[in-house]
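K.L.:
Here you go, input-v5.tsv (TSV, C-alpha atoms):
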chain	number	residue	atom	x	y	z
A	1	MET	CA	69.07	74.51	127.23
A	2	PRO	CA	67.65	75.92	123.98
A	3	ALA	CA	64.36	77.80	123.97
A	4	GLU	CA	61.32	75.80	122.90
A	5	TRP	CA	60.83	77.91	119.76
A	6	GLU	CA	64.27	76.97	118.43
A	7	GLN	CA	64.41	74.29	115.74
A	8	HIS	CA	63.39	70.78	116.83
A	9	GLU	CA	64.72	67.48	115.61
A	10	ALA	CA	61.68	65.75	117.11
A	11	THR	CA	58.99	65.80	119.77
A	12	TRP	CA	58.72	62.97	122.29
A	13	MET	CA	55.31	61.73	123.43
A	14	ALA	CA	53.87	58.61	125.11
A	15	TRP	CA	50.65	56.96	123.93
A	16	PRO	CA	47.88	56.95	126.59
A	17	HIS	CA	47.06	53.63	128.24
A	18	PHE	CA	46.28	54.23	131.93
A	19	ARG	CA	42.50	54.60	132.09
A	20	GLY	CA	42.58	55.85	135.67
A	21	ASP	CA	44.11	59.14	134.54
A	22	TRP	CA	40.91	60.02	132.69
A	23	PRO	CA	38.01	58.49	134.64
A	24	GLY	CA	34.97	58.20	132.40
A	25	LYS	CA	36.73	60.05	129.57
A	26	PHE	CA	39.47	57.69	128.44
A	27	GLU	CA	37.80	56.66	125.15
A	28	THR	CA	38.17	60.19	123.78
A	29	ILE	CA	41.82	60.66	124.75
A	30	PRO	CA	43.55	58.64	121.98
A	31	TRP	CA	41.70	60.77	119.42
A	32	VAL	CA	43.02	63.95	121.04
A	33	TYR	CA	46.51	62.48	120.83
A	34	ALA	CA	45.96	61.59	117.19
A	35	GLU	CA	44.99	65.18	116.39
A	36	ILE	CA	48.11	66.46	118.13
A	37	ILE	CA	50.35	63.96	116.36
A	38	ARG	CA	48.74	64.73	112.99
A	39	ASN	CA	49.69	68.38	113.36
A	40	LEU	CA	53.14	67.75	114.83
A	41	SER	CA	54.21	65.13	112.30
A	42	ALA	CA	53.53	67.53	109.44
A	43	HIS	CA	56.43	69.65	110.75
A	44	GLU	CA	58.78	67.35	112.66
A	45	ARG	CA	59.39	63.76	113.69
A	46	VAL	CA	57.30	62.38	116.53
A	47	GLU	CA	59.05	59.85	118.78
A	48	LEU	CA	56.09	57.94	120.17
A	49	ILE	CA	56.51	55.73	123.24
A	50	VAL	CA	54.11	52.76	123.46
A	51	THR	CA	53.96	50.28	126.32
A	52	ASP	CA	54.08	47.10	124.22
A	53	ALA	CA	53.19	45.55	120.86
A	54	ARG	CA	49.44	45.67	121.53
A	55	SER	CA	49.64	49.33	122.46
A	56	GLU	CA	51.55	50.05	119.27
A	57	GLN	CA	48.91	48.23	117.24
A	58	ARG	CA	46.12	50.30	118.80
A	59	ALA	CA	48.09	53.51	118.27
A	60	ARG	CA	48.76	52.70	114.62
A	61	GLN	CA	45.09	51.93	114.01
A	62	THR	CA	43.92	55.17	115.65
A	63	LEU	CA	46.50	57.27	113.83
A	64	LYS	CA	45.56	55.76	110.48
A	65	LEU	CA	41.87	56.44	111.04
A	66	ALA	CA	42.71	60.03	112.00
A	67	ASN	CA	44.94	60.51	108.94
A	68	ALA	CA	47.85	61.01	111.32
A	69	PHE	CA	50.03	57.99	110.50
A	70	ASN	CA	53.08	58.73	108.36
A	71	ARG	CA	56.82	58.15	108.16
A	72	ASN	CA	57.45	60.98	110.63
A	73	VAL	CA	56.02	58.86	113.47
A	74	ARG	CA	58.54	56.49	115.04
A	75	PHE	CA	57.58	53.98	117.75
A	76	HIS	CA	59.49	52.92	120.87
A	77	ARG	CA	58.18	49.98	122.91
A	78	TRP	CA	58.94	50.98	126.48
A	79	PRO	CA	56.63	50.43	129.47
A	80	THR	CA	55.35	53.59	131.15
A	81	ASN	CA	53.23	54.35	134.18
A	82	ARG	CA	51.81	57.58	132.77
A	83	VAL	CA	52.24	59.72	129.68
A	84	TRP	CA	53.55	63.06	130.94
A	85	THR	CA	56.84	63.01	129.05
A	86	ARG	CA	57.63	66.62	129.91
A	87	ASP	CA	58.15	65.54	133.51
A	88	SER	CA	59.40	61.94	133.31
A	89	GLY	CA	61.67	62.42	130.32
A	90	CYS	CA	65.16	63.89	130.07
A	91	THR	CA	65.93	67.52	129.27
A	92	PHE	CA	67.90	67.84	126.04
A	93	VAL	CA	70.65	70.45	125.94
A	94	THR	CA	73.21	71.44	123.34
A	95	GLY	CA	76.77	72.71	123.49
A	96	GLN	CA	79.77	73.24	121.28
A	97	ALA	CA	82.53	72.16	123.68
A	98	GLY	CA	83.70	68.56	123.58
A	99	PRO	CA	82.53	66.30	126.44
A	100	ASP	CA	85.90	66.31	128.19
A	101	ASP	CA	86.07	70.12	128.21
A	102	TRP	CA	82.42	70.37	129.24
A	103	THR	CA	82.87	67.79	131.97
A	104	SER	CA	85.88	69.50	133.48
A	105	LYS	CA	84.09	72.86	133.36
A	106	VAL	CA	81.08	71.50	135.21
A	107	ASN	CA	83.27	69.60	137.67
A	108	ARG	CA	85.01	72.83	138.57
A	109	ARG	CA	81.66	74.53	139.17
A	110	ALA	CA	79.59	71.73	140.73
A	111	GLY	CA	82.15	69.40	142.21
A	112	VAL	CA	80.36	66.25	141.03
A	113	LEU	CA	79.18	65.12	137.62
A	114	ARG	CA	78.11	61.63	136.62
A	115	HIS	CA	78.35	60.31	133.07
A	116	ARG	CA	76.71	57.12	131.90
A	117	ARG	CA	78.67	57.24	128.65
A	118	GLN	CA	80.30	59.61	126.19
A	119	ARG	CA	80.11	59.73	122.41
A	120	GLY	CA	83.03	61.78	121.25
A	121	SER	CA	82.12	65.33	120.28
A	122	ALA	CA	78.34	64.93	119.82
A	123	PRO	CA	76.85	68.25	120.94
A	124	LEU	CA	73.44	66.81	121.90
A	125	ARG	CA	73.25	65.89	125.57
A	126	ALA	CA	70.45	64.78	127.85
A	127	ILE	CA	70.12	65.83	131.47
A	128	LYS	CA	68.70	62.86	133.37
A	129	TRP	CA	66.86	64.08	136.43
A	130	ARG	CA	65.43	61.64	138.93
A	131	PHE	CA	61.66	61.30	138.70
A	132	ASN	CA	59.42	60.37	141.65
A	133	ALA	CA	55.92	61.06	140.27
A	134	TRP	CA	55.68	64.60	141.62
A	135	ALA	CA	56.37	63.32	145.16
A	136	LYS	CA	52.75	62.18	145.17
A	137	TYR	CA	52.16	58.79	143.50
A	138	PRO	CA	53.81	55.46	144.33
A	139	ASP	CA	53.86	53.99	140.80
A	140	TYR	CA	56.71	55.49	138.82
A	141	ARG	CA	59.21	52.65	138.34
A	142	HIS	CA	58.79	52.60	134.54
A	143	ASP	CA	58.62	56.36	134.13
A	144	GLU	CA	61.86	56.88	136.06
A	145	LYS	CA	63.69	54.99	133.28
A	146	ILE	CA	62.22	56.94	130.37
A	147	GLY	CA	64.80	59.74	130.42
A	148	SER	CA	67.70	57.31	129.96
A	149	ARG	CA	65.87	55.46	127.19
A	150	MET	CA	65.17	58.72	125.37
A	151	SER	CA	68.84	59.68	125.70
A	152	GLU	CA	69.95	56.34	124.25
A	153	ALA	CA	67.52	56.50	121.33
A	154	ALA	CA	68.51	60.10	120.53
A	155	ASN	CA	72.21	59.16	120.57
A	156	ALA	CA	72.82	61.80	123.22
A	157	ASP	CA	75.33	61.84	126.06
A	158	GLU	CA	73.50	61.34	129.33
A	159	MET	CA	74.36	63.63	132.21
A	160	ARG	CA	72.92	62.66	135.58
A	161	ALA	CA	72.24	65.76	137.63
A	162	TYR	CA	73.70	65.96	141.13
A	163	CYS	CA	73.80	68.49	143.92
A	164	GLY	CA	76.83	67.44	145.91
A	165	ASP	CA	76.39	63.67	146.17
A	166	VAL	CA	72.58	63.77	145.87
A	167	ARG	CA	70.73	62.99	142.64
A	168	VAL	CA	68.44	65.86	141.70
A	169	ILE	CA	64.69	65.29	141.28
A	170	LEU	CA	63.15	67.68	138.77
A	171	GLU	CA	60.26	67.76	136.28
A	172	GLY	CA	60.43	69.58	132.98
A	173	GLY	CA	57.12	71.30	133.66
A	174	SER	CA	58.61	73.11	136.64
A	175	ILE	CA	60.95	75.21	134.49
A	176	ASP	CA	60.81	77.36	131.35
A	177	VAL	CA	63.78	79.00	129.62
A	178	ASN	CA	64.40	81.72	127.06
A	179	GLY	CA	67.48	80.12	125.49
A	180	THR	CA	69.79	82.97	126.49
A	181	GLY	CA	70.33	82.08	130.14
A	182	THR	CA	67.13	83.01	132.01
A	183	LEU	CA	64.81	80.48	133.65
A	184	LEU	CA	61.32	80.73	135.17
A	185	THR	CA	60.15	78.55	138.07
A	186	THR	CA	57.95	78.75	141.20
A	187	GLU	CA	58.65	78.68	144.89
A	188	GLU	CA	55.53	76.57	145.43
A	189	CYS	CA	56.92	73.70	143.37
A	190	LEU	CA	60.60	73.71	144.31
A	191	LEU	CA	60.75	75.24	147.80
A	192	SER	CA	57.52	74.09	149.47
A	193	LYS	CA	57.38	71.27	152.02
A	194	VAL	CA	54.26	69.98	150.23
A	195	GLN	CA	55.17	67.36	147.59
A	196	GLU	CA	58.79	68.13	148.41
A	197	ARG	CA	61.07	66.84	145.66
A	198	ASN	CA	64.49	67.46	147.18
A	199	PRO	CA	64.36	67.77	150.98
A	200	GLY	CA	66.83	70.32	152.24
A	201	PHE	CA	67.47	72.00	148.91
A	202	ARG	CA	67.55	75.79	149.10
A	203	ARG	CA	66.98	78.49	146.52
A	204	GLN	CA	70.71	78.86	145.90
A	205	ASP	CA	71.07	75.08	145.42
A	206	TYR	CA	68.58	75.11	142.58
A	207	GLU	CA	70.17	78.18	141.02
A	208	GLN	CA	73.54	76.42	141.03
A	209	ILE	CA	72.00	73.25	139.53
A	210	PHE	CA	70.39	75.26	136.75
A	211	ALA	CA	73.69	77.04	136.07
A	212	ASN	CA	75.67	73.80	135.99
A	213	TYR	CA	73.38	71.69	133.85
A	214	LEU	CA	71.25	74.11	131.80
A	215	GLY	CA	73.59	77.08	131.33
A	216	ILE	CA	71.33	79.39	133.32
A	217	ARG	CA	72.63	82.77	134.54
A	218	GLN	CA	69.41	84.13	136.02
A	219	VAL	CA	66.39	82.54	137.74
A	220	ILE	CA	63.09	84.41	138.04
A	221	TRP	CA	61.23	82.98	141.03
A	222	LEU	CA	57.44	83.24	140.87
A	223	GLY	CA	55.21	82.43	143.83
A	224	LYS	CA	52.39	79.93	143.32
A	225	GLY	CA	50.78	78.07	140.45
A	226	ILE	CA	47.08	77.69	139.71
A	227	ALA	CA	44.38	75.92	141.69
A	228	GLY	CA	43.91	72.27	140.78
A	229	ASP	CA	47.47	71.74	139.64
A	230	ASP	CA	48.32	68.17	140.61
A	231	THR	CA	52.04	68.99	140.50
A	232	HIS	CA	51.81	71.72	143.16
A	233	GLY	CA	52.98	74.71	141.18
A	234	HIS	CA	54.38	73.88	137.75
A	235	VAL	CA	55.32	77.04	135.90
A	236	ASP	CA	54.22	75.75	132.48
A	237	ASP	CA	50.58	76.25	133.50
A	238	ILE	CA	51.03	79.92	134.33
A	239	THR	CA	54.02	81.75	132.80
A	240	ARG	CA	56.03	81.09	129.65
A	241	PHE	CA	58.73	82.67	127.55
A	242	VAL	CA	57.70	83.31	123.94
A	243	SER	CA	60.92	85.11	122.99
A	244	ALA	CA	64.14	86.00	124.76
A	245	GLU	CA	62.60	89.28	125.95
A	246	THR	CA	58.86	88.45	126.07
A	247	ILE	CA	56.91	86.53	128.72
A	248	VAL	CA	53.23	85.57	128.66
A	249	THR	CA	51.54	85.10	132.02
A	250	MET	CA	48.07	83.96	133.04
A	251	ILE	CA	45.72	86.46	134.69
A	252	GLU	CA	42.42	85.90	136.50
A	253	SER	CA	39.99	88.84	136.22
A	254	ASN	CA	37.53	87.60	138.86
A	255	ARG	CA	38.71	88.99	142.19
A	256	ASN	CA	36.73	86.32	144.04
A	257	ASP	CA	38.48	83.47	142.24
A	258	LYS	CA	41.19	81.67	144.24
A	259	ASN	CA	43.62	82.16	141.34
A	260	TYR	CA	43.35	85.94	141.46
A	261	PRO	CA	45.81	86.67	144.32
A	262	PRO	CA	48.66	84.33	143.26
A	263	LEU	CA	48.48	85.32	139.60
A	264	GLN	CA	48.52	89.00	140.53
A	265	GLU	CA	51.56	88.41	142.74
A	266	ASN	CA	53.31	86.62	139.86
A	267	LEU	CA	52.50	89.54	137.57
A	268	ARG	CA	53.99	91.95	140.10
A	269	ARG	CA	57.22	89.93	140.25
A	270	LEU	CA	57.48	89.74	136.47
A	271	LYS	CA	56.99	93.48	136.03
A	272	SER	CA	59.79	94.16	138.50
A	273	ALA	CA	62.17	91.63	136.92
A	274	THR	CA	64.95	92.60	134.55
A	275	GLY	CA	67.20	90.55	132.33
A	276	PRO	CA	70.97	90.20	132.77
A	277	ASP	CA	71.31	93.39	130.71
A	278	GLY	CA	69.18	95.31	133.22
A	279	LYS	CA	66.29	95.80	130.79
A	280	PRO	CA	62.72	94.83	131.80
A	281	PHE	CA	60.95	92.02	130.04
A	282	ARG	CA	57.90	92.59	127.88
A	283	ILE	CA	54.97	91.07	129.80
A	284	VAL	CA	51.86	89.91	127.90
A	285	GLU	CA	48.78	88.87	129.85
A	286	LEU	CA	46.58	85.88	128.94
A	287	PRO	CA	43.15	85.43	130.55
A	288	MET	CA	42.26	82.27	132.42
A	289	PRO	CA	39.36	80.18	131.10
A	290	ALA	CA	36.34	79.67	133.32
A	291	PRO	CA	36.89	77.01	136.02
A	292	VAL	CA	36.70	73.40	134.80
A	293	MET	CA	35.46	71.06	137.52
A	294	PHE	CA	35.46	67.29	138.03
A	295	GLU	CA	33.64	65.69	140.97
A	296	GLY	CA	33.83	68.96	142.87
A	297	ARG	CA	37.55	69.42	142.19
A	298	ARG	CA	38.98	72.19	140.05
A	299	LEU	CA	41.18	71.08	137.17
A	300	PRO	CA	44.27	73.00	135.97
A	301	ALA	CA	42.72	74.36	132.75
A	302	SER	CA	45.04	77.04	131.36
A	303	TYR	CA	46.04	78.44	127.97
A	304	GLY	CA	49.58	78.69	129.33
A	305	ASN	CA	50.14	74.99	128.71
A	306	PHE	CA	50.72	75.52	124.97
A	307	TYR	CA	53.52	73.78	123.07
A	308	ILE	CA	55.78	75.49	120.53
A	309	ALA	CA	56.88	73.21	117.68
A	310	ASN	CA	58.42	73.71	114.23
A	311	GLY	CA	56.01	75.93	112.33
A	312	ILE	CA	53.10	75.63	114.79
A	313	VAL	CA	51.92	76.33	118.32
A	314	LEU	CA	49.49	73.82	119.86
A	315	VAL	CA	47.11	75.59	122.23
A	316	PRO	CA	44.64	73.96	124.65
A	317	VAL	CA	41.12	75.39	124.35
A	318	PHE	CA	38.02	74.68	126.41
A	319	ASN	CA	34.97	75.97	124.48
A	320	ASP	CA	35.32	79.10	126.59
A	321	THR	CA	34.74	82.73	125.65
A	322	ASN	CA	38.41	83.45	126.37
A	323	ASP	CA	39.60	80.85	123.82
A	324	ARG	CA	39.46	83.47	121.08
A	325	ILE	CA	41.47	86.01	123.09
A	326	ALA	CA	44.18	83.48	123.89
A	327	LEU	CA	44.46	82.29	120.29
A	328	HIS	CA	44.61	85.82	118.87
A	329	THR	CA	47.19	86.88	121.44
A	330	LEU	CA	49.45	83.93	120.65
A	331	ALA	CA	48.96	84.50	116.91
A	332	ASP	CA	50.32	88.03	117.36
A	333	LEU	CA	53.28	86.69	119.33
A	334	PHE	CA	54.07	83.93	116.80
A	335	PRO	CA	53.39	85.54	113.39
A	336	THR	CA	55.43	82.93	111.47
A	337	ARG	CA	53.72	79.91	113.07
A	338	ASP	CA	50.25	78.46	112.65
A	339	ILE	CA	48.24	78.56	115.88
A	340	ILE	CA	46.46	75.20	116.29
A	341	PRO	CA	43.65	74.99	118.87
A	342	ILE	CA	43.24	71.56	120.49
A	343	TYR	CA	40.05	70.98	122.46
A	344	SER	CA	41.25	69.91	125.91
A	345	GLY	CA	38.06	69.77	127.97
A	346	ASP	CA	38.43	66.00	128.27
A	347	LEU	CA	42.23	65.94	128.23
A	348	ILE	CA	42.50	68.21	131.28
A	349	TRP	CA	40.75	65.53	133.37
A	350	GLY	CA	44.19	63.91	133.44
A	351	PHE	CA	45.62	67.13	135.01
A	352	GLY	CA	47.72	68.01	131.96
A	353	ALA	CA	47.61	69.34	128.41
A	354	MET	CA	49.84	70.04	125.39
A	355	HIS	CA	53.03	71.02	127.18
A	356	CYS	CA	52.81	68.30	129.82
A	357	MET	CA	52.61	65.50	127.24
A	358	THR	CA	55.46	66.67	125.01
A	359	GLN	CA	59.24	67.01	125.26
A	360	GLN	CA	61.27	68.67	122.54
A	361	GLN	CA	64.52	67.30	121.16
A	362	PRO	CA	66.44	70.27	119.74
A	363	ALA	CA	68.06	70.05	116.33
A	364	VAL	CA	71.82	69.89	116.63
A	365	GLY	CA	73.16	73.22	115.49
A	366	GLY	CA	69.57	74.39	114.98
Starting from the coordinates I provided, produce the structure as structure tokens.
P.N.:
Amino acid sequence: MPAEWEQHEATWMAWPHFRGDWPGKFETIPWVYAEIIRNLSAHERVELIVTDARSEQRARQTLKLANAFNRNVRFHRWPTNRVWTRDSGCTFVTGQAGPDDWTSKVNRRAGVLRHRRQRGSAPLRAIKWRFNAWAKYPDYRHDEKIGSRMSEAANADEMRAYCGDVRVILEGGSIDVNGTGTLLTTEECLLSKVQERNPGFRRQDYEQIFANYLGIRQVIWLGKGIAGDDTHGHVDDITRFVSAETIVTMIESNRNDKNYPPLQENLRRLKSATGPDGKPFRIVELPMPAPVMFEGRRLPASYGNFYIANGIVLVPVFNDTNDRIALHTLADLFPTRDIIPIYSGDLIWGFGAMHCMTQQQPAVGG
């Protein structure tokens, strides 16, 4: 699995349509999407999923009014339940071996591999995880099909992930990679009995799955995610790779805040971690914004949910005093990319931001 900062062929997104995800705020959400697409489409193709012809018409109209409609936006009419493509979509991977060689290699390591089809020596492949709406919501029939549809449209070989004879449930937001064989995830998301994705799976099962399907040699296990996270511990809200050797991680300075203990524990684990070469990682701290509340519930507002695209980094901001610190820190870490702040005070009411709504398709050979 390539790192997010490696060259993209495209970014996949789904146009918002489910008003219940943003109670009382939905009217503003398409305009946030338009701003994101305007910036993305200046640097790479945007594969935009719309539920039907009427949804496409509304999206086109909004994008035109926002000066965001251009030939780099391509529509796909597929029904969806929600728009969090990071989690419902496939995970694109690349490789130089032909499918037969790759298949036999994985079969030797994992015992079972399922192919839907093969396309000769095409190096772009799509790992199709099962999706069950974060083991929380009942309506995911359409979203469970999105990964296969993305794979088909991208002309990628689909690989369905198995552990033994069991299909693996996994969301893209639960993992982050550095492109050289190291992966970040949390125990809260993958090993907890709460919102349990794969009953009975152990730490070593996941590590073998990541090795077999993503080329991972090392897994860094963090503890918990942030308060208000609807997914129960996705790592893309708290800790991210920004280079093969550098990790940014969220920090809460208020000792009385419920995020203080888990984020400090994650920091401790990161500082004690080393790469496969035995060298420690460079750890960069990002401050949390002030709590964002909705009807007495805390929302998962975090600068960690940024998205790295060709030439830019999209960063959620919240009209908070720490916005400036987060933007300056990321600008130092990505000197060759433009840092684009996207106001996400309304967007976060849907429990997600930039990274949750996007899924990168790596450029072949890029």
K.L.:
Interatomic distance between atom CA of A:His8 and atom CA of A:Gln360?
P.N.:
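Atom-to-atom, atom CA of A:His8 and atom CA of A:Gln360 are spaced 6.4 Å apart.
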K.L.:
When you count only C-alpha atoms, which of these residues is closest to A:Leu63: A:Pro30, A:Pro138, A:Gly89, A:Gly173?
P.N.:
A:Pro30
K.L.:
Enter the distance from atom CA of A:Glu44 to atom CA of A:Ser344, in Å, rounded to one decimal.
P.N.:
22.1 Å
K.L.:
Could you state the separation of atom CA of A:Thr231 and atom CA of A:Val177 in Å, given to one decimal place?
P.N.:
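Interatomic distance here is 18.9 Å.
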K.L.:
If we count all atoms listed in the file, what is near A:Arg202 at a cut-off of 9 Å, once residues fewer than 4 positions away on the same chain are taken out, given as a list in words?
P.N.:
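Contacts, with the query itself left out: Leu190, Leu191, Tyr206 and Glu207 of chain A.
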K.L.:
Compare A:Thr329, A:Gln208, A:Thr358, A:Asn67 by their minimum atom-to-atom distance to A:Thr249, counting all atoms listed in the file, and give me the closest one.
P.N.:
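Between A:Thr329, A:Gln208, A:Thr358, A:Asn67, the residue approaching A:Thr249 most closely is A:Thr329.
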K.L.:
Nearest to A:Gly200 among A:Val168, A:Tyr213, A:Val93, A:Ala10, with distances taken over all atoms listed in the file: which residue is it?
P.N.:
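Among the listed residues, A:Val168 lies closest to A:Gly200.
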K.L.:
Which neighbours of stretch 145-147 of chain A fall inside 6 Å, counting only C-alpha atoms, when residues of the same chain fewer than 3 positions from it are skipped, and could you give them as a VMD selection string?
P.N.:
chain A and resid 89 to 90 128 142 150
K.L.:
Give me, as JSON, numbers by chain, all polymer residues having an atom no more than 12 Å from A:Glu295, counting only C-alpha atoms and skipping those fewer than 3 positions away in the same chain.
P.N.:
{"A": [23, 24, 292, 298, 299, 349]}
K.L.:
If we draw a sphere of 10 Å around (67.5, 62.4, 126.4), which residues have at least one atom in it when counting all atoms listed in the file? Please report them as number ranges by chain.
P.N.:
A: 12, 89-93, 124-128, 146-159, 359-361
K.L.:
Counting all atoms listed in the file, which of A:Ala133, A:Ala3, A:Arg255, A:Leu330 gets nearest to A:Asn178?
P.N.:
A:Ala3
K.L.:
Name the residues in contact with A:Thr80 at a cut-off of 9 Å, using only C-alpha atoms, excluding same-chain residues fewer than 2 positions from it; report them as a list of chain:residue names.
P.N.:
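Within the cut-off, the hits are A:Ala14, A:His17, A:Ile49, A:Val50, A:Thr51, A:Trp78, A:Arg82, A:Val83, A:Tyr140, A:Arg141, A:His142, A:Asp143, A:Glu144, A:Lys145, A:Ile146.
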K.L.:
Using all atoms listed in the file, which residue out of A:Gly345, A:Gly275, A:Pro262, A:Gly20 lies closest to A:Pro289?
P.N.:
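Between A:Gly345, A:Gly275, A:Pro262, A:Gly20, the residue approaching A:Pro289 most closely is A:Gly345.
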K.L.:
Within 12 Å of A:Gln218, counting only C-alpha atoms, which residues show up once you throw out same-chain ones fewer than 6 positions away? Write them as a list in words, please.
P.N.:
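Final neighbour list, sorted by chain and number: Asp176, Val177, Asn178, Gly179, Thr180, Gly181, Thr182, Leu183, Leu184, Thr185, Gln204, Tyr206, Glu207, Gln208, Ile209, Phe210, Ala211, Ala273, Thr274, Gly275, Pro276, Asp277 and Gly278 of chain A.
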K.L.:
Select, from A:Asp165, A:Glu265, A:Glu47, A:Asp257, the residue with the minimum atom-to-atom distance to A:Lys224, counting only C-alpha atoms.
P.N.:
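Among A:Asp165, A:Glu265, A:Glu47, A:Asp257, it is A:Glu265 that comes nearest to A:Lys224.
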K.L.:
Every residue with an atom at most 12 Å from (46.3, 73.5, 114.6) (file coordinates; only C-alpha atoms) is what I'm after, so could you write them as number ranges by chain?
P.N.:
A: 32, 35-43, 306-309, 311-317, 327, 331, 337-343, 354
